[in-house]
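Input: a single structure, listed below in structure tokens.
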Amino acid sequence: MERQQDLQPPHGLEEILATFGDIYKYMHPDGSLDARWLREFFTLTPLPFPMALSWDKTRSVTQMTCHRSMAGVFADVFTRIQERGLESEIEAFGGCFAFRPQRTGTKLSTHCWGIAIDLNPQTNQQGTAGDMDAGLIEIFRNTGFEWGGDWEGRTRDPMHFQFCTGYKLF
Ligand SMILES: [Zn+2]
């Protein structure tokens with residue numbers, strides 16, 4: 001599979017908006033998100049191996065909704081994970097794209113752009129040390145992701161990886 005080298009992780013909100021789209025222009029006054037956001041910027045990308053859903057482990061996902069520009073990056077990450085034989089370290093998929101209606105001006109999670117992913121949430125809750133595999137962390141880092149486990153104190157979020165820097169919100 002082709003390695004995605006061109007896309008650099010943006011730094012800070014302005015660069016995120018410029019790189020992945022100005023989501024605020026797609027939010028209605030009531031804080032809900034227009035369906036055009038998903039239509040214009042998102043794609044369903046296949047995963048090289050299935051992952052159990054964290055909220056229903058009897059089900060697994062073989063594809064994931066993410067930002068269109070991130071399909072190659074995520075494919076790269078999961079291929080590297082598979083090449084290193086670390087699939088079994090992913091116990092559960094906790095989500096990529098997520099949006100909850102927000103008050104206008106609220107700081108949005110990087111999940112709103114489909115550039116973040118949560119893994120093994122049960123054992124990697126916010127504010128805890130967690131038990132994320134060092135090999136997984138290394139692969140995500142080498143592919144341009146920031147790991148929420150590097151954040152300090154209560155913002156520490158070891159389940160979370162995001163393709164940007166200078167913007168902390170899980
Ligand atoms: Zn997250």
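In the structure tokens, chains take letters A, B, ... by order of appearance, with residues numbered from 1 within each chain and ligands from 1 in the order shown.
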Review point. If you count only C-alpha atoms and all ligand atoms, which residues end up within 8 Å of ligand 1, as a list of chain:residue names?
Key: A:Gly94, A:Gly95, A:Cys96, A:Ser109, A:Thr110, A:His111, A:Ala116, A:Ile117, A:Asp118, A:Gly148, A:Asp157, A:Met159, A:His160, A:Phe161, A:Gln162, A:Leu169, A:Phe170
For the residues in the current selection, export N, CA and C atoms as a PDB file, in the first residue's frame.
```pdb
ATOM      1  N   GLY A  94     -13.048   2.681  19.566  1.00  0.00           N
ATOM      2  CA  GLY A  94     -13.930   3.578  20.313  1.00  0.00           C
ATOM      3  C   GLY A  94     -14.508   4.714  19.492  1.00  0.00           C
ATOM      4  N   GLY A  95     -14.203   4.767  18.184  1.00  0.00           N
ATOM      5  CA  GLY A  95     -14.802   5.780  17.323  1.00  0.00           C
ATOM      6  C   GLY A  95     -13.798   6.704  16.663  1.00  0.00           C
ATOM      7  N   CYS A  96     -14.206   7.229  15.524  1.00  0.00           N
ATOM      8  CA  CYS A  96     -13.387   8.206  14.786  1.00  0.00           C
ATOM      9  C   CYS A  96     -14.199   9.498  14.655  1.00  0.00           C
ATOM     10  N   SER A 109     -14.205  19.037  19.483  1.00  0.00           N
ATOM     11  CA  SER A 109     -13.299  17.892  19.532  1.00  0.00           C
ATOM     12  C   SER A 109     -12.721  17.629  18.145  1.00  0.00           C
ATOM     13  N   THR A 110     -11.502  17.132  18.090  1.00  0.00           N
ATOM     14  CA  THR A 110     -10.904  16.769  16.800  1.00  0.00           C
ATOM     15  C   THR A 110     -11.663  15.610  16.140  1.00  0.00           C
ATOM     16  N   HIS A 111     -12.480  14.900  16.918  1.00  0.00           N
ATOM     17  CA  HIS A 111     -13.329  13.852  16.323  1.00  0.00           C
ATOM     18  C   HIS A 111     -14.346  14.450  15.340  1.00  0.00           C
ATOM     19  N   ALA A 116      -9.354  12.037  14.350  1.00  0.00           N
ATOM     20  CA  ALA A 116      -8.943  11.425  15.616  1.00  0.00           C
ATOM     21  C   ALA A 116      -9.567  10.044  15.746  1.00  0.00           C
ATOM     22  N   ILE A 117      -8.914   9.200  16.524  1.00  0.00           N
ATOM     23  CA  ILE A 117      -9.438   7.859  16.755  1.00  0.00           C
ATOM     24  C   ILE A 117      -9.222   7.473  18.216  1.00  0.00           C
ATOM     25  N   ASP A 118     -10.201   6.806  18.786  1.00  0.00           N
ATOM     26  CA  ASP A 118     -10.087   6.284  20.151  1.00  0.00           C
ATOM     27  C   ASP A 118      -9.951   4.772  20.080  1.00  0.00           C
ATOM     28  N   GLY A 148      -2.928  11.365  22.945  1.00  0.00           N
ATOM     29  CA  GLY A 148      -3.535  12.019  24.107  1.00  0.00           C
ATOM     30  C   GLY A 148      -2.921  11.591  25.424  1.00  0.00           C
ATOM     31  N   ASP A 157      -5.418  11.639  27.920  1.00  0.00           N
ATOM     32  CA  ASP A 157      -6.467  10.832  27.280  1.00  0.00           C
ATOM     33  C   ASP A 157      -5.826   9.704  26.466  1.00  0.00           C
ATOM     34  N   MET A 159      -6.612   6.881  25.327  1.00  0.00           N
ATOM     35  CA  MET A 159      -7.316   6.160  24.243  1.00  0.00           C
ATOM     36  C   MET A 159      -7.225   6.908  22.902  1.00  0.00           C
ATOM     37  N   HIS A 160      -6.798   8.189  22.966  1.00  0.00           N
ATOM     38  CA  HIS A 160      -6.990   9.138  21.868  1.00  0.00           C
ATOM     39  C   HIS A 160      -5.716   9.406  21.049  1.00  0.00           C
ATOM     40  N   PHE A 161      -5.848   9.323  19.726  1.00  0.00           N
ATOM     41  CA  PHE A 161      -4.786   9.725  18.796  1.00  0.00           C
ATOM     42  C   PHE A 161      -5.389  10.729  17.825  1.00  0.00           C
ATOM     43  N   GLN A 162      -4.690  11.834  17.541  1.00  0.00           N
ATOM     44  CA  GLN A 162      -5.228  12.823  16.603  1.00  0.00           C
ATOM     45  C   GLN A 162      -4.148  13.316  15.649  1.00  0.00           C
ATOM     46  N   LEU A 169      -8.204  18.663  22.424  1.00  0.00           N
ATOM     47  CA  LEU A 169      -9.568  18.371  22.849  1.00  0.00           C
ATOM     48  C   LEU A 169      -9.960  17.024  22.302  1.00  0.00           C
ATOM     49  N   PHE A 170     -10.307  16.166  23.210  1.00  0.00           N
ATOM     50  CA  PHE A 170     -10.595  14.782  22.870  1.00  0.00           C
ATOM     51  C   PHE A 170     -11.993  14.692  22.366  1.00  0.00           C
TER      52      PHE A 170
END
```
Check your understanding: In chain A, what's strand (DSSP E) per DSSP? Answer as a PyMOL selection string?
Key -> chain A and resi 42-53+56-67+93-95+116-119+146-147+160-162
Would you mind exporting the chosen residues as an mmCIF file, in the first residue's frame, restricted to N, CA and C atoms?
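Written file, result-v1.cif:
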```cif
data_model
loop_
_atom_site.group_PDB
_atom_site.id
_atom_site.type_symbol
_atom_site.label_atom_id
_atom_site.label_comp_id
_atom_site.auth_asym_id
_atom_site.auth_seq_id
_atom_site.Cartn_x
_atom_site.Cartn_y
_atom_site.Cartn_z
ATOM 1 N N PHE A 42 -16.202 13.721 4.016
ATOM 2 C CA PHE A 42 -15.959 12.417 4.644
ATOM 3 C C PHE A 42 -16.033 11.257 3.664
ATOM 4 N N THR A 43 -15.391 10.177 4.059
ATOM 5 C CA THR A 43 -15.431 8.966 3.264
ATOM 6 C C THR A 43 -15.475 7.754 4.198
ATOM 7 N N LEU A 44 -15.946 6.645 3.656
ATOM 8 C CA LEU A 44 -15.948 5.396 4.392
ATOM 9 C C LEU A 44 -14.721 4.630 3.933
ATOM 10 N N THR A 45 -13.769 4.428 4.841
ATOM 11 C CA THR A 45 -12.519 3.799 4.433
ATOM 12 C C THR A 45 -12.436 2.367 4.960
ATOM 13 N N PRO A 46 -12.006 1.410 4.123
ATOM 14 C CA PRO A 46 -11.920 0.024 4.592
ATOM 15 C C PRO A 46 -10.744 -0.166 5.553
ATOM 16 N N LEU A 47 -10.912 -1.040 6.532
ATOM 17 C CA LEU A 47 -9.833 -1.356 7.469
ATOM 18 C C LEU A 47 -9.210 -2.689 7.053
ATOM 19 N N PRO A 48 -7.881 -2.814 7.169
ATOM 20 C CA PRO A 48 -7.243 -4.068 6.744
ATOM 21 C C PRO A 48 -7.566 -5.257 7.643
ATOM 22 N N PHE A 49 -8.059 -4.986 8.851
ATOM 23 C CA PHE A 49 -8.480 -6.075 9.740
ATOM 24 C C PHE A 49 -9.650 -5.566 10.578
ATOM 25 N N PRO A 50 -10.551 -6.462 10.996
ATOM 26 C CA PRO A 50 -11.717 -6.006 11.754
ATOM 27 C C PRO A 50 -11.361 -5.633 13.190
ATOM 28 N N MET A 51 -12.105 -4.659 13.739
ATOM 29 C CA MET A 51 -11.924 -4.266 15.142
ATOM 30 C C MET A 51 -13.273 -4.363 15.852
ATOM 31 N N ALA A 52 -13.250 -4.889 17.079
ATOM 32 C CA ALA A 52 -14.480 -4.978 17.868
ATOM 33 C C ALA A 52 -14.926 -3.580 18.271
ATOM 34 N N LEU A 53 -16.242 -3.360 18.297
ATOM 35 C CA LEU A 53 -16.782 -2.073 18.732
ATOM 36 C C LEU A 53 -16.730 -1.999 20.255
ATOM 37 N N ASP A 56 -20.129 -2.405 21.856
ATOM 38 C CA ASP A 56 -20.815 -3.665 21.617
ATOM 39 C C ASP A 56 -19.817 -4.649 21.014
ATOM 40 N N LYS A 57 -19.107 -5.350 21.913
ATOM 41 C CA LYS A 57 -17.985 -6.172 21.455
ATOM 42 C C LYS A 57 -18.414 -7.409 20.656
ATOM 43 N N THR A 58 -19.733 -7.670 20.603
ATOM 44 C CA THR A 58 -20.178 -8.779 19.763
ATOM 45 C C THR A 58 -20.145 -8.354 18.295
ATOM 46 N N ARG A 59 -20.008 -7.038 18.067
ATOM 47 C CA ARG A 59 -19.950 -6.540 16.691
ATOM 48 C C ARG A 59 -18.553 -6.016 16.388
ATOM 49 N N SER A 60 -18.170 -6.084 15.114
ATOM 50 C CA SER A 60 -16.885 -5.513 14.746
ATOM 51 C C SER A 60 -17.036 -4.652 13.498
ATOM 52 N N VAL A 61 -16.080 -3.747 13.346
ATOM 53 C CA VAL A 61 -16.100 -2.858 12.176
ATOM 54 C C VAL A 61 -15.005 -3.271 11.198
ATOM 55 N N THR A 62 -15.317 -3.165 9.906
ATOM 56 C CA THR A 62 -14.339 -3.453 8.860
ATOM 57 C C THR A 62 -14.130 -2.215 8.001
ATOM 58 N N GLN A 63 -14.860 -1.141 8.338
ATOM 59 C CA GLN A 63 -14.674 0.138 7.661
ATOM 60 C C GLN A 63 -14.991 1.249 8.651
ATOM 61 N N MET A 64 -14.506 2.439 8.324
ATOM 62 C CA MET A 64 -14.593 3.534 9.285
ATOM 63 C C MET A 64 -14.867 4.837 8.539
ATOM 64 N N THR A 65 -15.750 5.670 9.099
ATOM 65 C CA THR A 65 -16.008 6.987 8.528
ATOM 66 C C THR A 65 -14.959 7.964 9.048
ATOM 67 N N CYS A 66 -14.185 8.546 8.123
ATOM 68 C CA CYS A 66 -13.159 9.512 8.527
ATOM 69 C C CYS A 66 -13.098 10.634 7.491
ATOM 70 N N HIS A 67 -12.315 11.669 7.788
ATOM 71 C CA HIS A 67 -12.117 12.742 6.824
ATOM 72 C C HIS A 67 -11.503 12.160 5.551
ATOM 73 N N PHE A 93 -12.450 -0.685 19.183
ATOM 74 C CA PHE A 93 -12.493 0.588 18.467
ATOM 75 C C PHE A 93 -13.508 1.485 19.175
ATOM 76 N N GLY A 94 -13.048 2.681 19.566
ATOM 77 C CA GLY A 94 -13.930 3.578 20.313
ATOM 78 C C GLY A 94 -14.508 4.714 19.492
ATOM 79 N N GLY A 95 -14.203 4.767 18.184
ATOM 80 C CA GLY A 95 -14.802 5.780 17.323
ATOM 81 C C GLY A 95 -13.798 6.704 16.663
ATOM 82 N N ALA A 116 -9.354 12.037 14.350
ATOM 83 C CA ALA A 116 -8.943 11.425 15.616
ATOM 84 C C ALA A 116 -9.567 10.044 15.746
ATOM 85 N N ILE A 117 -8.914 9.200 16.524
ATOM 86 C CA ILE A 117 -9.438 7.859 16.755
ATOM 87 C C ILE A 117 -9.222 7.473 18.216
ATOM 88 N N ASP A 118 -10.201 6.806 18.786
ATOM 89 C CA ASP A 118 -10.087 6.284 20.151
ATOM 90 C C ASP A 118 -9.951 4.772 20.080
ATOM 91 N N LEU A 119 -8.983 4.244 20.835
ATOM 92 C CA LEU A 119 -8.786 2.794 20.886
ATOM 93 C C LEU A 119 -8.773 2.315 22.338
ATOM 94 N N GLU A 146 -0.597 12.800 17.178
ATOM 95 C CA GLU A 146 -0.292 13.139 18.554
ATOM 96 C C GLU A 146 -1.077 12.159 19.429
ATOM 97 N N TRP A 147 -0.450 11.724 20.525
ATOM 98 C CA TRP A 147 -1.107 10.793 21.435
ATOM 99 C C TRP A 147 -1.629 11.537 22.659
ATOM 100 N N HIS A 160 -6.798 8.189 22.966
ATOM 101 C CA HIS A 160 -6.990 9.138 21.868
ATOM 102 C C HIS A 160 -5.716 9.406 21.049
ATOM 103 N N PHE A 161 -5.848 9.323 19.726
ATOM 104 C CA PHE A 161 -4.786 9.725 18.796
ATOM 105 C C PHE A 161 -5.389 10.729 17.825
ATOM 106 N N GLN A 162 -4.690 11.834 17.541
ATOM 107 C CA GLN A 162 -5.228 12.823 16.603
ATOM 108 C C GLN A 162 -4.148 13.316 15.649
#
```
Exercise for review: Measure the distance from CA of Asn120 in chain A to CA of Glu91 in chain A in Å and round it to one decimal.
Suggested key: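 According to the coordinates, CA of Asn120 in chain A and CA of Glu91 in chain A are separated by 5.6 Å.
Distances to Ile139 in chain A were evaluated for A:Gly127, A:Gly114, A:Gly153, A:Gly85 using only C-alpha atoms, and the minimum falls at A:Gly85.
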Residue contacts of Arg80 in chain A (10 Å, only C-alpha atoms) excluding same-chain residues fewer than 3 positions away, as a PDB file with all heavy atoms, in the first residue's frame:
```pdb
ATOM      1  N   MET A   1       0.848  -1.209   0.000  1.00  0.00           N
ATOM      2  CA  MET A   1       0.000   0.000   0.000  1.00  0.00           C
ATOM      3  C   MET A   1       0.880   1.254   0.000  1.00  0.00           C
ATOM      4  O   MET A   1       1.919   1.301   0.642  1.00  0.00           O
ATOM      5  CB  MET A   1      -0.907  -0.005   1.226  1.00  0.00           C
ATOM      6  CG  MET A   1      -1.998   1.061   1.154  1.00  0.00           C
ATOM      7  SD  MET A   1      -3.285   0.788   2.382  1.00  0.00           S
ATOM      8  CE  MET A   1      -3.881  -0.834   1.904  1.00  0.00           C
ATOM      9  N   ARG A   3       2.425   4.718   0.831  1.00  0.00           N
ATOM     10  CA  ARG A   3       2.563   5.508   2.057  1.00  0.00           C
ATOM     11  C   ARG A   3       2.113   6.944   1.792  1.00  0.00           C
ATOM     12  O   ARG A   3       2.505   7.547   0.801  1.00  0.00           O
ATOM     13  CB  ARG A   3       4.016   5.526   2.534  1.00  0.00           C
ATOM     14  CG  ARG A   3       4.571   4.157   2.858  1.00  0.00           C
ATOM     15  CD  ARG A   3       4.078   3.707   4.212  1.00  0.00           C
ATOM     16  NE  ARG A   3       4.839   2.550   4.674  1.00  0.00           N
ATOM     17  CZ  ARG A   3       4.269   1.463   5.146  1.00  0.00           C
ATOM     18  NH1 ARG A   3       2.969   1.353   5.208  1.00  0.00           N
ATOM     19  NH2 ARG A   3       4.998   0.467   5.579  1.00  0.00           N
ATOM     20  N   PHE A  74      -4.903   6.823   7.673  1.00  0.00           N
ATOM     21  CA  PHE A  74      -5.421   5.736   8.507  1.00  0.00           C
ATOM     22  C   PHE A  74      -5.076   4.365   7.885  1.00  0.00           C
ATOM     23  O   PHE A  74      -4.725   3.429   8.601  1.00  0.00           O
ATOM     24  CB  PHE A  74      -6.927   5.864   8.721  1.00  0.00           C
ATOM     25  CG  PHE A  74      -7.301   6.847   9.804  1.00  0.00           C
ATOM     26  CD1 PHE A  74      -8.077   7.970   9.513  1.00  0.00           C
ATOM     27  CD2 PHE A  74      -6.899   6.657  11.123  1.00  0.00           C
ATOM     28  CE1 PHE A  74      -8.428   8.889  10.508  1.00  0.00           C
ATOM     29  CE2 PHE A  74      -7.239   7.567  12.125  1.00  0.00           C
ATOM     30  CZ  PHE A  74      -8.007   8.682  11.811  1.00  0.00           C
ATOM     31  N   ALA A  75      -5.165   4.279   6.563  1.00  0.00           N
ATOM     32  CA  ALA A  75      -4.801   3.016   5.893  1.00  0.00           C
ATOM     33  C   ALA A  75      -3.344   2.685   6.195  1.00  0.00           C
ATOM     34  O   ALA A  75      -3.002   1.534   6.485  1.00  0.00           O
ATOM     35  CB  ALA A  75      -5.040   3.130   4.398  1.00  0.00           C
ATOM     36  N   ASP A  76      -2.495   3.702   6.157  1.00  0.00           N
ATOM     37  CA  ASP A  76      -1.071   3.549   6.451  1.00  0.00           C
ATOM     38  C   ASP A  76      -0.872   3.035   7.884  1.00  0.00           C
ATOM     39  O   ASP A  76      -0.155   2.057   8.124  1.00  0.00           O
ATOM     40  CB  ASP A  76      -0.408   4.924   6.254  1.00  0.00           C
ATOM     41  CG  ASP A  76       1.103   4.872   6.294  1.00  0.00           C
ATOM     42  OD1 ASP A  76       1.655   3.753   6.380  1.00  0.00           O
ATOM     43  OD2 ASP A  76       1.730   5.947   6.238  1.00  0.00           O
ATOM     44  N   VAL A  77      -1.535   3.696   8.842  1.00  0.00           N
ATOM     45  CA  VAL A  77      -1.425   3.298  10.250  1.00  0.00           C
ATOM     46  C   VAL A  77      -1.819   1.835  10.441  1.00  0.00           C
ATOM     47  O   VAL A  77      -1.073   1.051  11.040  1.00  0.00           O
ATOM     48  CB  VAL A  77      -2.333   4.187  11.136  1.00  0.00           C
ATOM     49  CG1 VAL A  77      -2.516   3.570  12.518  1.00  0.00           C
ATOM     50  CG2 VAL A  77      -1.748   5.580  11.273  1.00  0.00           C
ATOM     51  N   GLU A  83       1.446  -5.147   9.821  1.00  0.00           N
ATOM     52  CA  GLU A  83       2.792  -5.612   9.478  1.00  0.00           C
ATOM     53  C   GLU A  83       3.610  -5.958  10.721  1.00  0.00           C
ATOM     54  O   GLU A  83       4.434  -6.863  10.693  1.00  0.00           O
ATOM     55  CB  GLU A  83       3.540  -4.536   8.667  1.00  0.00           C
ATOM     56  CG  GLU A  83       3.099  -4.456   7.214  1.00  0.00           C
ATOM     57  CD  GLU A  83       3.654  -3.227   6.483  1.00  0.00           C
ATOM     58  OE1 GLU A  83       4.417  -2.429   7.100  1.00  0.00           O
ATOM     59  OE2 GLU A  83       3.300  -3.060   5.313  1.00  0.00           O
ATOM     60  N   ARG A  84       3.378  -5.204  11.805  1.00  0.00           N
ATOM     61  CA  ARG A  84       4.109  -5.461  13.054  1.00  0.00           C
ATOM     62  C   ARG A  84       3.429  -6.547  13.889  1.00  0.00           C
ATOM     63  O   ARG A  84       3.911  -6.884  14.974  1.00  0.00           O
ATOM     64  CB  ARG A  84       4.193  -4.169  13.885  1.00  0.00           C
ATOM     65  CG  ARG A  84       5.085  -3.102  13.290  1.00  0.00           C
ATOM     66  CD  ARG A  84       6.520  -3.143  13.817  1.00  0.00           C
ATOM     67  NE  ARG A  84       6.572  -2.974  15.273  1.00  0.00           N
ATOM     68  CZ  ARG A  84       6.667  -1.796  15.889  1.00  0.00           C
ATOM     69  NH1 ARG A  84       6.736  -0.689  15.191  1.00  0.00           N
ATOM     70  NH2 ARG A  84       6.733  -1.722  17.205  1.00  0.00           N
ATOM     71  N   GLY A  85       2.285  -7.041  13.420  1.00  0.00           N
ATOM     72  CA  GLY A  85       1.564  -8.089  14.144  1.00  0.00           C
ATOM     73  C   GLY A  85       0.930  -7.600  15.433  1.00  0.00           C
ATOM     74  O   GLY A  85       0.836  -8.340  16.410  1.00  0.00           O
ATOM     75  N   LEU A  86       0.508  -6.329  15.447  1.00  0.00           N
ATOM     76  CA  LEU A  86      -0.031  -5.745  16.679  1.00  0.00           C
ATOM     77  C   LEU A  86      -1.558  -5.614  16.681  1.00  0.00           C
ATOM     78  O   LEU A  86      -2.120  -4.948  17.552  1.00  0.00           O
ATOM     79  CB  LEU A  86       0.600  -4.360  16.920  1.00  0.00           C
ATOM     80  CG  LEU A  86       2.114  -4.346  17.185  1.00  0.00           C
ATOM     81  CD1 LEU A  86       2.642  -2.914  17.245  1.00  0.00           C
ATOM     82  CD2 LEU A  86       2.432  -5.078  18.486  1.00  0.00           C
ATOM     83  N   GLU A  87      -2.229  -6.271  15.719  1.00  0.00           N
ATOM     84  CA  GLU A  87      -3.697  -6.164  15.661  1.00  0.00           C
ATOM     85  C   GLU A  87      -4.341  -6.549  16.983  1.00  0.00           C
ATOM     86  O   GLU A  87      -5.326  -5.954  17.405  1.00  0.00           O
ATOM     87  CB  GLU A  87      -4.304  -7.073  14.588  1.00  0.00           C
ATOM     88  CG  GLU A  87      -3.791  -6.877  13.196  1.00  0.00           C
ATOM     89  CD  GLU A  87      -2.793  -7.948  12.824  1.00  0.00           C
ATOM     90  OE1 GLU A  87      -1.762  -8.062  13.523  1.00  0.00           O
ATOM     91  OE2 GLU A  87      -3.047  -8.671  11.840  1.00  0.00           O
ATOM     92  N   LEU A 136       1.933   0.387  19.374  1.00  0.00           N
ATOM     93  CA  LEU A 136       0.847   1.138  18.720  1.00  0.00           C
ATOM     94  C   LEU A 136       1.143   2.637  18.787  1.00  0.00           C
ATOM     95  O   LEU A 136       0.998   3.360  17.797  1.00  0.00           O
ATOM     96  CB  LEU A 136      -0.509   0.857  19.398  1.00  0.00           C
ATOM     97  CG  LEU A 136      -1.140  -0.524  19.230  1.00  0.00           C
ATOM     98  CD1 LEU A 136      -2.488  -0.573  19.961  1.00  0.00           C
ATOM     99  CD2 LEU A 136      -1.332  -0.880  17.761  1.00  0.00           C
ATOM    100  N   ILE A 139       3.778   3.626  16.290  1.00  0.00           N
ATOM    101  CA  ILE A 139       3.285   3.635  14.906  1.00  0.00           C
ATOM    102  C   ILE A 139       2.463   4.890  14.643  1.00  0.00           C
ATOM    103  O   ILE A 139       2.641   5.574  13.629  1.00  0.00           O
ATOM    104  CB  ILE A 139       2.476   2.348  14.609  1.00  0.00           C
ATOM    105  CG1 ILE A 139       3.418   1.144  14.539  1.00  0.00           C
ATOM    106  CG2 ILE A 139       1.686   2.492  13.301  1.00  0.00           C
ATOM    107  CD1 ILE A 139       2.728  -0.202  14.534  1.00  0.00           C
ATOM    108  N   PHE A 140       1.553   5.220  15.554  1.00  0.00           N
ATOM    109  CA  PHE A 140       0.745   6.437  15.372  1.00  0.00           C
ATOM    110  C   PHE A 140       1.636   7.669  15.315  1.00  0.00           C
ATOM    111  O   PHE A 140       1.464   8.527  14.449  1.00  0.00           O
ATOM    112  CB  PHE A 140      -0.294   6.565  16.495  1.00  0.00           C
ATOM    113  CG  PHE A 140      -1.591   5.844  16.193  1.00  0.00           C
ATOM    114  CD1 PHE A 140      -1.822   4.571  16.694  1.00  0.00           C
ATOM    115  CD2 PHE A 140      -2.573   6.423  15.413  1.00  0.00           C
ATOM    116  CE1 PHE A 140      -3.011   3.895  16.406  1.00  0.00           C
ATOM    117  CE2 PHE A 140      -3.766   5.775  15.125  1.00  0.00           C
ATOM    118  CZ  PHE A 140      -3.981   4.492  15.628  1.00  0.00           C
ATOM    119  N   THR A 143       3.428   8.160  12.130  1.00  0.00           N
ATOM    120  CA  THR A 143       2.538   8.465  11.008  1.00  0.00           C
ATOM    121  C   THR A 143       1.981   9.882  11.127  1.00  0.00           C
ATOM    122  O   THR A 143       1.147  10.289  10.328  1.00  0.00           O
ATOM    123  CB  THR A 143       1.407   7.404  10.963  1.00  0.00           C
ATOM    124  OG1 THR A 143       1.964   6.130  11.274  1.00  0.00           O
ATOM    125  CG2 THR A 143       0.777   7.305   9.587  1.00  0.00           C
TER     126      THR A 143
END
```
Exercise for review: Assign secondary structure with DSSP using the backbone only, and return the residues of range 87-144 of chain A in helix (DSSP H, G or I) as a list in words.
Suggested key: Glu87, Ser88, Glu89, Thr110, His111, Cys112, Trp113, Pro121, Gln122, Thr123, Ala134, Gly135, Leu136, Ile137, Glu138, Ile139, Phe140, Arg141 and Asn142 of chain A
For the residues in the current selection, export N, CA and C atoms as a CSV table (one decimal), in the first residue's frame.
```
chain,number,residue,atom,x,y,z
A,87,GLU,N,-2.2,-6.3,15.7
A,87,GLU,CA,-3.7,-6.2,15.7
A,87,GLU,C,-4.3,-6.5,17.0
A,88,SER,N,-3.8,-7.6,17.6
A,88,SER,CA,-4.4,-8.1,18.9
A,88,SER,C,-4.3,-7.1,20.0
A,89,GLU,N,-3.4,-6.1,19.9
A,89,GLU,CA,-3.3,-5.0,20.9
A,89,GLU,C,-4.5,-4.1,20.8
A,110,THR,N,-11.5,17.1,18.1
A,110,THR,CA,-10.9,16.8,16.8
A,110,THR,C,-11.7,15.6,16.1
A,111,HIS,N,-12.5,14.9,16.9
A,111,HIS,CA,-13.3,13.9,16.3
A,111,HIS,C,-14.3,14.4,15.3
A,112,CYS,N,-14.7,15.7,15.5
A,112,CYS,CA,-15.7,16.4,14.6
A,112,CYS,C,-15.1,16.5,13.2
A,113,TRP,N,-13.8,16.5,13.0
A,113,TRP,CA,-13.2,16.5,11.7
A,113,TRP,C,-12.9,15.1,11.2
A,121,PRO,N,-11.0,2.1,24.8
A,121,PRO,CA,-11.4,3.1,25.8
A,121,PRO,C,-11.6,2.5,27.2
A,122,GLN,N,-12.0,1.3,27.3
A,122,GLN,CA,-12.3,0.7,28.7
A,122,GLN,C,-11.1,0.8,29.6
A,123,THR,N,-10.0,0.6,29.1
A,123,THR,CA,-8.8,0.6,29.9
A,123,THR,C,-7.9,1.8,29.7
A,134,ALA,N,2.9,0.1,23.6
A,134,ALA,CA,4.0,1.1,23.2
A,134,ALA,C,4.2,1.0,21.7
A,135,GLY,N,4.0,-0.2,21.1
A,135,GLY,CA,4.2,-0.3,19.7
A,135,GLY,C,3.2,0.4,18.9
A,136,LEU,N,1.9,0.4,19.4
A,136,LEU,CA,0.8,1.1,18.7
A,136,LEU,C,1.1,2.6,18.8
A,137,ILE,N,1.6,3.1,20.0
A,137,ILE,CA,1.8,4.5,20.2
A,137,ILE,C,2.9,5.0,19.2
A,138,GLU,N,4.0,4.1,19.1
A,138,GLU,CA,5.1,4.5,18.2
A,138,GLU,C,4.6,4.5,16.7
A,139,ILE,N,3.8,3.6,16.3
A,139,ILE,CA,3.3,3.6,14.9
A,139,ILE,C,2.5,4.9,14.6
A,140,PHE,N,1.6,5.2,15.6
A,140,PHE,CA,0.7,6.4,15.4
A,140,PHE,C,1.6,7.7,15.3
A,141,ARG,N,2.6,7.8,16.2
A,141,ARG,CA,3.5,8.9,16.2
A,141,ARG,C,4.3,9.0,14.9
A,142,ASN,N,4.8,7.9,14.4
A,142,ASN,CA,5.6,7.9,13.2
A,142,ASN,C,4.7,8.3,12.0
```
Practice item. Rank A:Asp34, A:Glu152, A:Asp133, A:Glu15 by their smallest atom-to-atom distance to Ile81 in chain A, using only C-alpha atoms, and report the top residue only. Key: A:Asp133
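Using only C-alpha atoms for every distance, the candidate list A:Gly31, A:Pro158, A:Gly166, A:Gly130 yields A:Gly31 as the residue closest to Arg100 in chain A.
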Review point. Between A:Ile115, A:Met70, A:Ala129, A:Met27, which has the minimum distance to Thr165 in chain A (counting only C-alpha atoms)?
Key: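 Of A:Ile115, A:Met70, A:Ala129, A:Met27, the one nearest Thr165 in chain A is A:Ile115, counting only C-alpha atoms.
Proximity to Tyr167 in chain A at 8 Å, evaluated using only C-alpha atoms and with sequence-adjacent residues fewer than 4 positions away removed, yields His11, Gly12 and Leu13 of chain A.
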Point to revise | Computed interatomic separation between CA of Glu40 in chain A and CA of Phe163 in chain A (Å) | key: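 Those two atoms sit 19.3 Å apart.
Counting from CA of Phe41 in chain A, the distance to CA of Ala92 in chain A is 25.5 Å.
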Exercise for review: Can you pull out every residue within 9 Å of Ser32 in chain A, counting only C-alpha atoms, but drop anything in the same chain fewer than 3 positions away, and send it as JSON, numbers by chain?
Suggested key: {"A": [26, 27, 28, 29, 99, 100, 101, 102, 103]}
Export of the given selection (C-alpha atoms) as a PDB file, in the first residue's frame:
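To be explicit, this is the file written out as part_15.pdb:
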```pdb
ATOM      1  CA  TYR A  26     -21.655  23.960   8.630  1.00  0.00           C
ATOM      2  CA  MET A  27     -23.119  24.416  12.100  1.00  0.00           C
ATOM      3  CA  HIS A  28     -26.670  25.661  12.478  1.00  0.00           C
ATOM      4  CA  PRO A  29     -27.596  28.334  15.039  1.00  0.00           C
ATOM      5  CA  PHE A  99     -20.284  15.223  16.721  1.00  0.00           C
ATOM      6  CA  ARG A 100     -22.606  16.304  19.483  1.00  0.00           C
ATOM      7  CA  PRO A 101     -24.619  19.539  19.093  1.00  0.00           C
ATOM      8  CA  GLN A 102     -22.585  22.378  20.564  1.00  0.00           C
ATOM      9  CA  ARG A 103     -23.215  25.879  21.738  1.00  0.00           C
TER      10      ARG A 103
END
```
